[in-house]
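Quick look at data-v7.cif (mmCIF, C-alpha atoms):
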```
data_entry
loop_
_atom_site.label_atom_id
_atom_site.label_comp_id
_atom_site.auth_asym_id
_atom_site.auth_seq_id
_atom_site.Cartn_x
_atom_site.Cartn_y
_atom_site.Cartn_z
CA MET A 1 26.48 -5.17 -34.38
CA ILE A 2 23.40 -5.59 -32.25
CA SER A 3 20.91 -8.09 -33.60
CA PRO A 4 17.22 -7.11 -33.61
CA ARG A 5 15.11 -8.46 -30.80
CA LYS A 6 13.02 -11.46 -31.80
CA LYS A 7 9.38 -11.66 -30.85
CA SER A 8 8.33 -14.43 -28.55
CA PRO A 9 6.56 -17.25 -30.44
CA ASN A 10 3.95 -17.52 -27.70
CA PRO A 11 1.36 -14.74 -27.45
CA PRO A 12 0.91 -13.20 -23.99
CA GLN A 13 -1.49 -15.16 -21.86
CA SER A 14 -4.40 -13.35 -20.32
CA THR A 15 -5.20 -14.08 -16.73
CA PRO A 16 -8.72 -15.31 -16.02
CA GLU A 17 -10.93 -12.83 -14.26
CA SER A 18 -11.62 -13.58 -10.64
CA PRO A 19 -15.21 -14.49 -9.81
CA LYS A 20 -17.40 -11.60 -8.78
CA GLU A 21 -17.65 -11.07 -5.05
CA PRO A 22 -21.15 -11.66 -3.68
CA LYS A 23 -22.88 -8.51 -2.61
CA SER A 24 -22.51 -7.95 1.10
CA SER A 25 -24.97 -6.46 3.53
CA ILE A 26 -22.07 -4.53 5.10
CA PRO A 27 -22.11 -0.89 3.98
CA THR A 28 -19.36 0.03 1.56
CA SER A 29 -16.48 1.89 3.12
CA THR A 30 -16.19 5.58 2.31
CA LEU A 31 -12.52 4.92 1.53
CA VAL A 32 -13.45 2.63 -1.35
CA GLU A 33 -15.78 5.19 -2.89
CA GLU A 34 -13.34 8.09 -2.51
CA LEU A 35 -10.05 6.61 -3.69
CA PRO A 36 -9.22 7.90 -7.16
CA THR A 37 -8.10 5.56 -9.86
CA SER A 38 -4.38 5.23 -9.91
CA THR A 39 -2.34 7.89 -11.65
CA ARG A 40 0.29 5.32 -12.49
CA VAL A 41 1.40 5.12 -16.09
CA LYS A 42 0.75 1.69 -17.52
CA PRO A 43 3.95 0.15 -18.89
CA LYS A 44 3.97 -0.82 -22.55
CA ARG A 45 5.37 -4.21 -21.65
CA LYS A 46 5.77 -6.06 -18.40
CA LEU A 47 9.24 -6.48 -17.07
CA GLY A 48 9.84 -10.00 -15.86
CA ILE A 49 11.18 -9.07 -12.44
CA PHE A 50 8.18 -6.87 -11.66
CA SER A 51 5.41 -9.07 -12.99
CA LYS A 52 3.10 -10.87 -10.62
CA LYS A 53 4.28 -14.45 -10.60
CA LYS A 54 2.18 -15.97 -7.83
CA ALA A 55 -1.54 -15.85 -7.39
CA ASN A 56 -1.00 -15.05 -3.70
CA ALA A 57 1.40 -12.15 -4.36
CA ARG A 58 0.89 -9.02 -2.26
CA GLU A 59 -1.97 -6.73 -3.28
CA THR A 60 -1.21 -3.48 -5.08
CA ASP A 61 -4.68 -1.88 -5.04
CA LEU A 62 -5.78 -0.39 -1.73
CA ASN A 63 -9.42 -0.40 -2.84
CA LYS A 64 -9.37 -4.21 -2.85
CA LEU A 65 -8.06 -4.32 0.72
CA VAL A 66 -10.79 -2.06 2.10
CA ALA A 67 -13.67 -3.46 0.03
CA PRO A 68 -16.46 -5.44 1.69
CA GLY A 69 -15.54 -9.10 1.52
CA ALA A 70 -11.82 -8.48 1.97
CA GLN A 71 -10.08 -9.80 5.06
CA ALA A 72 -10.46 -7.20 7.82
CA PRO A 73 -11.24 -4.15 5.66
CA GLU A 74 -11.80 -2.08 8.81
CA PHE A 75 -8.23 -2.74 9.94
CA ALA A 76 -6.86 -1.93 6.48
CA GLU A 77 -8.80 1.34 6.35
CA LEU A 78 -7.72 2.43 9.83
CA LEU A 79 -4.10 1.56 9.05
CA ALA A 80 -4.20 3.45 5.73
CA LYS A 81 -5.55 6.55 7.50
CA ILE A 82 -2.83 6.37 10.14
CA LEU A 83 -0.14 5.84 7.50
CA THR A 84 -1.17 9.02 5.64
CA PHE A 85 0.52 11.01 8.41
CA GLY A 86 3.85 9.71 7.03
CA ALA A 87 3.29 11.51 3.69
CA PRO A 88 1.03 14.50 4.33
CA GLY A 89 -0.94 15.60 1.29
CA ARG A 90 -0.04 12.56 -0.81
CA PHE A 91 -3.25 10.63 -0.11
CA PRO A 92 -6.09 13.19 -0.21
CA ALA A 93 -8.84 10.62 -0.73
CA ILE A 94 -7.79 8.74 2.40
CA SER A 95 -7.14 11.73 4.61
CA LYS A 96 -10.42 13.54 4.12
CA LYS A 97 -10.86 16.03 6.92
CA GLY A 98 -13.11 14.76 9.71
CA ASP A 99 -12.63 11.06 8.99
CA MET A 100 -9.15 10.80 10.42
CA PRO A 101 -8.58 9.00 13.73
CA PHE A 102 -6.76 12.06 15.16
CA GLU A 103 -5.64 15.54 14.09
CA GLU A 104 -1.90 15.13 14.74
CA PHE A 105 0.02 11.86 14.67
CA ASP A 106 0.46 10.23 18.05
CA LEU A 107 2.36 6.92 17.98
CA GLU A 108 0.95 5.64 21.26
CA LYS A 109 -2.64 6.42 20.25
CA ALA A 110 -2.09 4.85 16.82
CA LYS A 111 -0.60 1.75 18.44
CA SER A 112 -3.53 1.49 20.82
CA MET A 113 -6.10 1.89 18.03
CA LEU A 114 -4.44 -0.73 15.83
CA GLU A 115 -4.07 -3.24 18.66
CA GLU A 116 -7.71 -2.73 19.63
CA ALA A 117 -8.84 -3.22 16.01
CA ARG A 118 -6.66 -6.34 15.67
CA SER A 119 -8.15 -7.77 18.85
CA GLU A 120 -11.76 -6.97 17.86
CA LEU A 121 -11.27 -8.55 14.43
CA ASP A 122 -9.49 -11.55 15.96
CA LEU A 123 -6.46 -11.21 13.66
CA THR A 124 -3.40 -13.31 14.41
CA GLU A 125 0.06 -11.73 14.49
CA ASP A 126 0.79 -13.20 11.06
CA GLU A 127 -2.48 -11.89 9.59
CA MET A 128 -1.89 -8.46 11.08
CA ALA A 129 1.68 -8.35 9.74
CA GLU A 130 0.57 -9.43 6.27
CA MET A 131 -2.26 -6.88 6.27
CA PHE A 132 0.21 -4.21 7.35
CA ALA A 133 2.64 -5.16 4.57
CA SER A 134 -0.13 -5.19 1.97
CA VAL A 135 -1.46 -1.74 2.92
CA VAL A 136 2.05 -0.25 3.00
CA ASN A 137 2.80 -1.88 -0.35
CA CYS A 138 -0.26 -0.28 -1.99
CA MET A 139 0.55 3.14 -0.59
CA ILE A 140 4.27 3.06 -1.33
CA ILE A 141 3.59 2.19 -4.96
CA ASP A 142 1.55 5.38 -5.32
CA ILE A 143 4.12 7.70 -3.77
CA VAL A 144 7.03 6.09 -5.62
CA ASP A 145 5.07 6.63 -8.84
CA LEU A 146 4.59 10.28 -7.88
CA ALA A 147 8.29 10.64 -7.13
CA SER A 148 9.34 8.97 -10.37
CA SER A 149 7.09 11.30 -12.36
CA THR A 150 9.43 14.16 -11.39
CA LEU A 151 12.15 12.54 -13.51
CA ASN A 152 10.11 13.12 -16.67
CA MET A 153 9.61 16.84 -16.09
CA LYS A 154 10.86 19.15 -18.84
CA ASP A 155 12.31 21.58 -16.29
CA LYS A 156 14.41 18.95 -14.54
CA ASP A 157 14.65 20.59 -11.17
CA GLU A 158 16.72 18.36 -8.92
CA LYS A 159 15.17 19.89 -5.80
CA VAL A 160 11.70 18.67 -6.81
CA THR A 161 13.02 15.15 -7.35
CA VAL A 162 15.00 15.17 -4.10
CA ASP A 163 11.93 16.41 -2.20
CA ALA A 164 9.78 13.67 -3.76
CA VAL A 165 12.32 10.99 -2.82
CA ASN A 166 12.48 12.43 0.71
CA VAL A 167 8.69 12.03 0.98
CA VAL A 168 9.07 8.36 0.06
CA MET A 169 11.81 7.90 2.66
CA ASP A 170 9.78 9.71 5.35
CA PHE A 171 6.79 7.49 4.57
CA MET A 172 8.91 4.35 4.84
CA ASP A 173 10.35 5.51 8.19
CA HIS A 174 6.84 6.29 9.45
CA ALA A 175 5.50 2.88 8.36
CA ALA A 176 8.48 1.07 9.89
CA SER A 177 8.17 2.84 13.24
CA LEU A 178 4.44 2.09 13.33
CA PHE A 179 5.03 -1.57 12.50
CA ASP A 180 7.77 -1.81 15.13
CA SER A 181 5.38 -0.45 17.74
CA VAL A 182 2.55 -2.92 17.04
CA ALA A 183 4.48 -6.06 16.08
CA LYS A 184 5.32 -8.38 18.89
CA VAL A 185 9.03 -9.06 19.45
CA SER A 186 8.39 -12.81 19.20
CA TYR A 187 6.84 -12.34 15.75
CA LEU A 188 9.78 -10.31 14.50
CA PHE A 189 12.36 -12.83 15.70
CA SER A 190 10.45 -15.90 14.52
CA HIS A 191 10.23 -14.46 10.98
CA ALA A 192 13.69 -12.90 10.79
CA LYS A 193 15.24 -15.98 9.20
CA THR A 194 12.49 -16.60 6.63
#
```
I'd like the structure from this file rewritten - as structure tokens, please.
Amino acid sequence: MISPRKKSPNPPQSTPESPKEPKSSIPTSTLVEELPTSTRVKPKRKLGIFSKKKANARETDLNKLVAPGAQAPEFAELLAKILTFGAPGRFPAISKKGDMPFEEFDLEKAKSMLEEARSELDLTEDEMAEMFASVVNCMIIDIVDLASSTLNMKDKDEKVTVDAVNVVMDFMDHAASLFDSVAKVSYLFSHAKT
């Protein structure tokens, strides 16, 4: 016989709100204004393995990465726009027509644009790699959520689910190839064991 689950004696702790960012004289990015609120379903309870344990854990909201006051929001915005080519149609707010760096994806041009932006913003290899990982993390969460929503459909069509998972895989391949092209070999090897 399975015993009923006991409630935890300690009530859930709320996290203190972060202090408000001072208003900046830098104009707000169009990406921040255009990104829709997440379509993710809020879980009823947090699962321990997925909860944010560290204050410095990787960001999950792209709006925070491209907001004025964030570290290198211009780089994050450019990278997000380039990454949309890995999942066409999945990020309509980011890939507004006319604002994209190019019409069709070109790895060499993307590499050149990212290296130029990194140089202009004086980002180190570590900062660039962390920014890259944070932007990819935010975007992959959204498309995985979209893919997982196909599992709850009443007309469980396996093709729809398989196509959604393929979009996630294509996006991951795209992000990996872009990272491989801009990351220095010395950076990759020095962090391979960590």
Practice item. I need the residue set behind the PyMOL selection byres ((chain A and resi 173-175) around 8) for this file; please write it as a PyMOL selection string. Key: chain A and resi 83+85-86+136+169-172+176-179
Which residues, named as in the file, does the PyMOL selection byres ((chain A and resi 78) around 9) pick out? Answer as an mmCIF file with C-alpha atoms, in the frame of the given file.
```cif
data_model
loop_
_atom_site.group_PDB
_atom_site.id
_atom_site.type_symbol
_atom_site.label_atom_id
_atom_site.label_comp_id
_atom_site.auth_asym_id
_atom_site.auth_seq_id
_atom_site.Cartn_x
_atom_site.Cartn_y
_atom_site.Cartn_z
ATOM 1 C CA PRO A 73 -11.240 -4.150 5.660
ATOM 2 C CA GLU A 74 -11.800 -2.080 8.810
ATOM 3 C CA PHE A 75 -8.230 -2.740 9.940
ATOM 4 C CA ALA A 76 -6.860 -1.930 6.480
ATOM 5 C CA GLU A 77 -8.800 1.340 6.350
ATOM 6 C CA LEU A 79 -4.100 1.560 9.050
ATOM 7 C CA ALA A 80 -4.200 3.450 5.730
ATOM 8 C CA LYS A 81 -5.550 6.550 7.500
ATOM 9 C CA ILE A 82 -2.830 6.370 10.140
ATOM 10 C CA LEU A 83 -0.140 5.840 7.500
ATOM 11 C CA MET A 100 -9.150 10.800 10.420
ATOM 12 C CA PRO A 101 -8.580 9.000 13.730
ATOM 13 C CA MET A 113 -6.100 1.890 18.030
ATOM 14 C CA LEU A 114 -4.440 -0.730 15.830
ATOM 15 C CA ALA A 117 -8.840 -3.220 16.010
#
```
Exercise for review: Would you write out, as JSON, numbers by chain, every residue that the PyMOL selection byres ((chain A and resi 72) around 12) captures in this file?
Suggested key: {"A": [29, 64, 65, 66, 67, 68, 69, 70, 71, 73, 74, 75, 76, 77, 78, 79, 114, 117, 118, 119, 120, 121, 122, 123, 124, 127, 128, 130, 131, 132, 135]}
With C-alpha atoms retained, could you export that selection as a PDB file, in the coordinates of the input?
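Output file result-v9.pdb follows:
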```pdb
ATOM      1  CA  SER A  29     -16.480   1.890   3.120  1.00  0.00           C
ATOM      2  CA  LYS A  64      -9.370  -4.210  -2.850  1.00  0.00           C
ATOM      3  CA  LEU A  65      -8.060  -4.320   0.720  1.00  0.00           C
ATOM      4  CA  VAL A  66     -10.790  -2.060   2.100  1.00  0.00           C
ATOM      5  CA  ALA A  67     -13.670  -3.460   0.030  1.00  0.00           C
ATOM      6  CA  PRO A  68     -16.460  -5.440   1.690  1.00  0.00           C
ATOM      7  CA  GLY A  69     -15.540  -9.100   1.520  1.00  0.00           C
ATOM      8  CA  ALA A  70     -11.820  -8.480   1.970  1.00  0.00           C
ATOM      9  CA  GLN A  71     -10.080  -9.800   5.060  1.00  0.00           C
ATOM     10  CA  PRO A  73     -11.240  -4.150   5.660  1.00  0.00           C
ATOM     11  CA  GLU A  74     -11.800  -2.080   8.810  1.00  0.00           C
ATOM     12  CA  PHE A  75      -8.230  -2.740   9.940  1.00  0.00           C
ATOM     13  CA  ALA A  76      -6.860  -1.930   6.480  1.00  0.00           C
ATOM     14  CA  GLU A  77      -8.800   1.340   6.350  1.00  0.00           C
ATOM     15  CA  LEU A  78      -7.720   2.430   9.830  1.00  0.00           C
ATOM     16  CA  LEU A  79      -4.100   1.560   9.050  1.00  0.00           C
ATOM     17  CA  LEU A 114      -4.440  -0.730  15.830  1.00  0.00           C
ATOM     18  CA  ALA A 117      -8.840  -3.220  16.010  1.00  0.00           C
ATOM     19  CA  ARG A 118      -6.660  -6.340  15.670  1.00  0.00           C
ATOM     20  CA  SER A 119      -8.150  -7.770  18.850  1.00  0.00           C
ATOM     21  CA  GLU A 120     -11.760  -6.970  17.860  1.00  0.00           C
ATOM     22  CA  LEU A 121     -11.270  -8.550  14.430  1.00  0.00           C
ATOM     23  CA  ASP A 122      -9.490 -11.550  15.960  1.00  0.00           C
ATOM     24  CA  LEU A 123      -6.460 -11.210  13.660  1.00  0.00           C
ATOM     25  CA  THR A 124      -3.400 -13.310  14.410  1.00  0.00           C
ATOM     26  CA  GLU A 127      -2.480 -11.890   9.590  1.00  0.00           C
ATOM     27  CA  MET A 128      -1.890  -8.460  11.080  1.00  0.00           C
ATOM     28  CA  GLU A 130       0.570  -9.430   6.270  1.00  0.00           C
ATOM     29  CA  MET A 131      -2.260  -6.880   6.270  1.00  0.00           C
ATOM     30  CA  PHE A 132       0.210  -4.210   7.350  1.00  0.00           C
ATOM     31  CA  VAL A 135      -1.460  -1.740   2.920  1.00  0.00           C
TER      32      VAL A 135
END
```
Axis-aligned box for region 179-182 of chain A, 6 Å per side, centre and edges in Å as AutoDock Vina command-line options:
```
--center_x 5.2 --center_y -1.7 --center_z 15.1 --size_x 17.2 --size_y 14.5 --size_z 17.2
```
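Interatomic distance, CA of Val144 (chain A) against CA of Val165 (chain A): 7.7 Å.
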Study note, to complete from the structure: Separating CA of Glu103 (chain A) from CA of Ala87 (chain A), to the nearest tenth of an Å, is a gap of 14.3 Å
Check your understanding: What lies within 9 Å of Phe91 (chain A) using only C-alpha atoms, ignoring chain neighbours under 6 positions off, as a PyMOL selection string?
Key -> chain A and resi 35+81+84+139+142-143
Study note, to complete from the structure: Counting only C-alpha atoms, closest pick from A:Ala110, A:Ala183, A:Val168, A:Ala93 relative to Ile141 (chain A) is A:Val168
Check your understanding: For Val167 (chain A), which of A:Asp145, A:Glu115, A:Glu104, A:Glu125 is the closest residue, counting all atoms listed in the file?
Key -> A:Asp145
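From CA of Pro88 (chain A) back to CA of Leu107 (chain A), the distance works out to 15.7 Å.
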Point to revise | Shortest interatomic distance to Glu59 (chain A) - which of A:Asn137, A:Thr161, A:Ser148, A:Ser95, counting only C-alpha atoms | key: A:Asn137
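Compared by their closest atoms to Asn166 (chain A), and using all atoms listed in the file, the residues A:Leu62, A:Leu146, A:Phe102, A:Ala57 rank with A:Leu146 nearest.
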Review point. Smallest atom-to-atom distance to Thr60 (chain A): which of A:Arg90, A:Lys109, A:Ala129, A:Ile140, using all atoms listed in the file?
Key: A:Ile140
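If all atoms listed in the file are the atoms counted, then among A:Ala147, A:Ser112, A:Ala133, A:Val162 the closest residue to Val182 (chain A) is A:Ser112.
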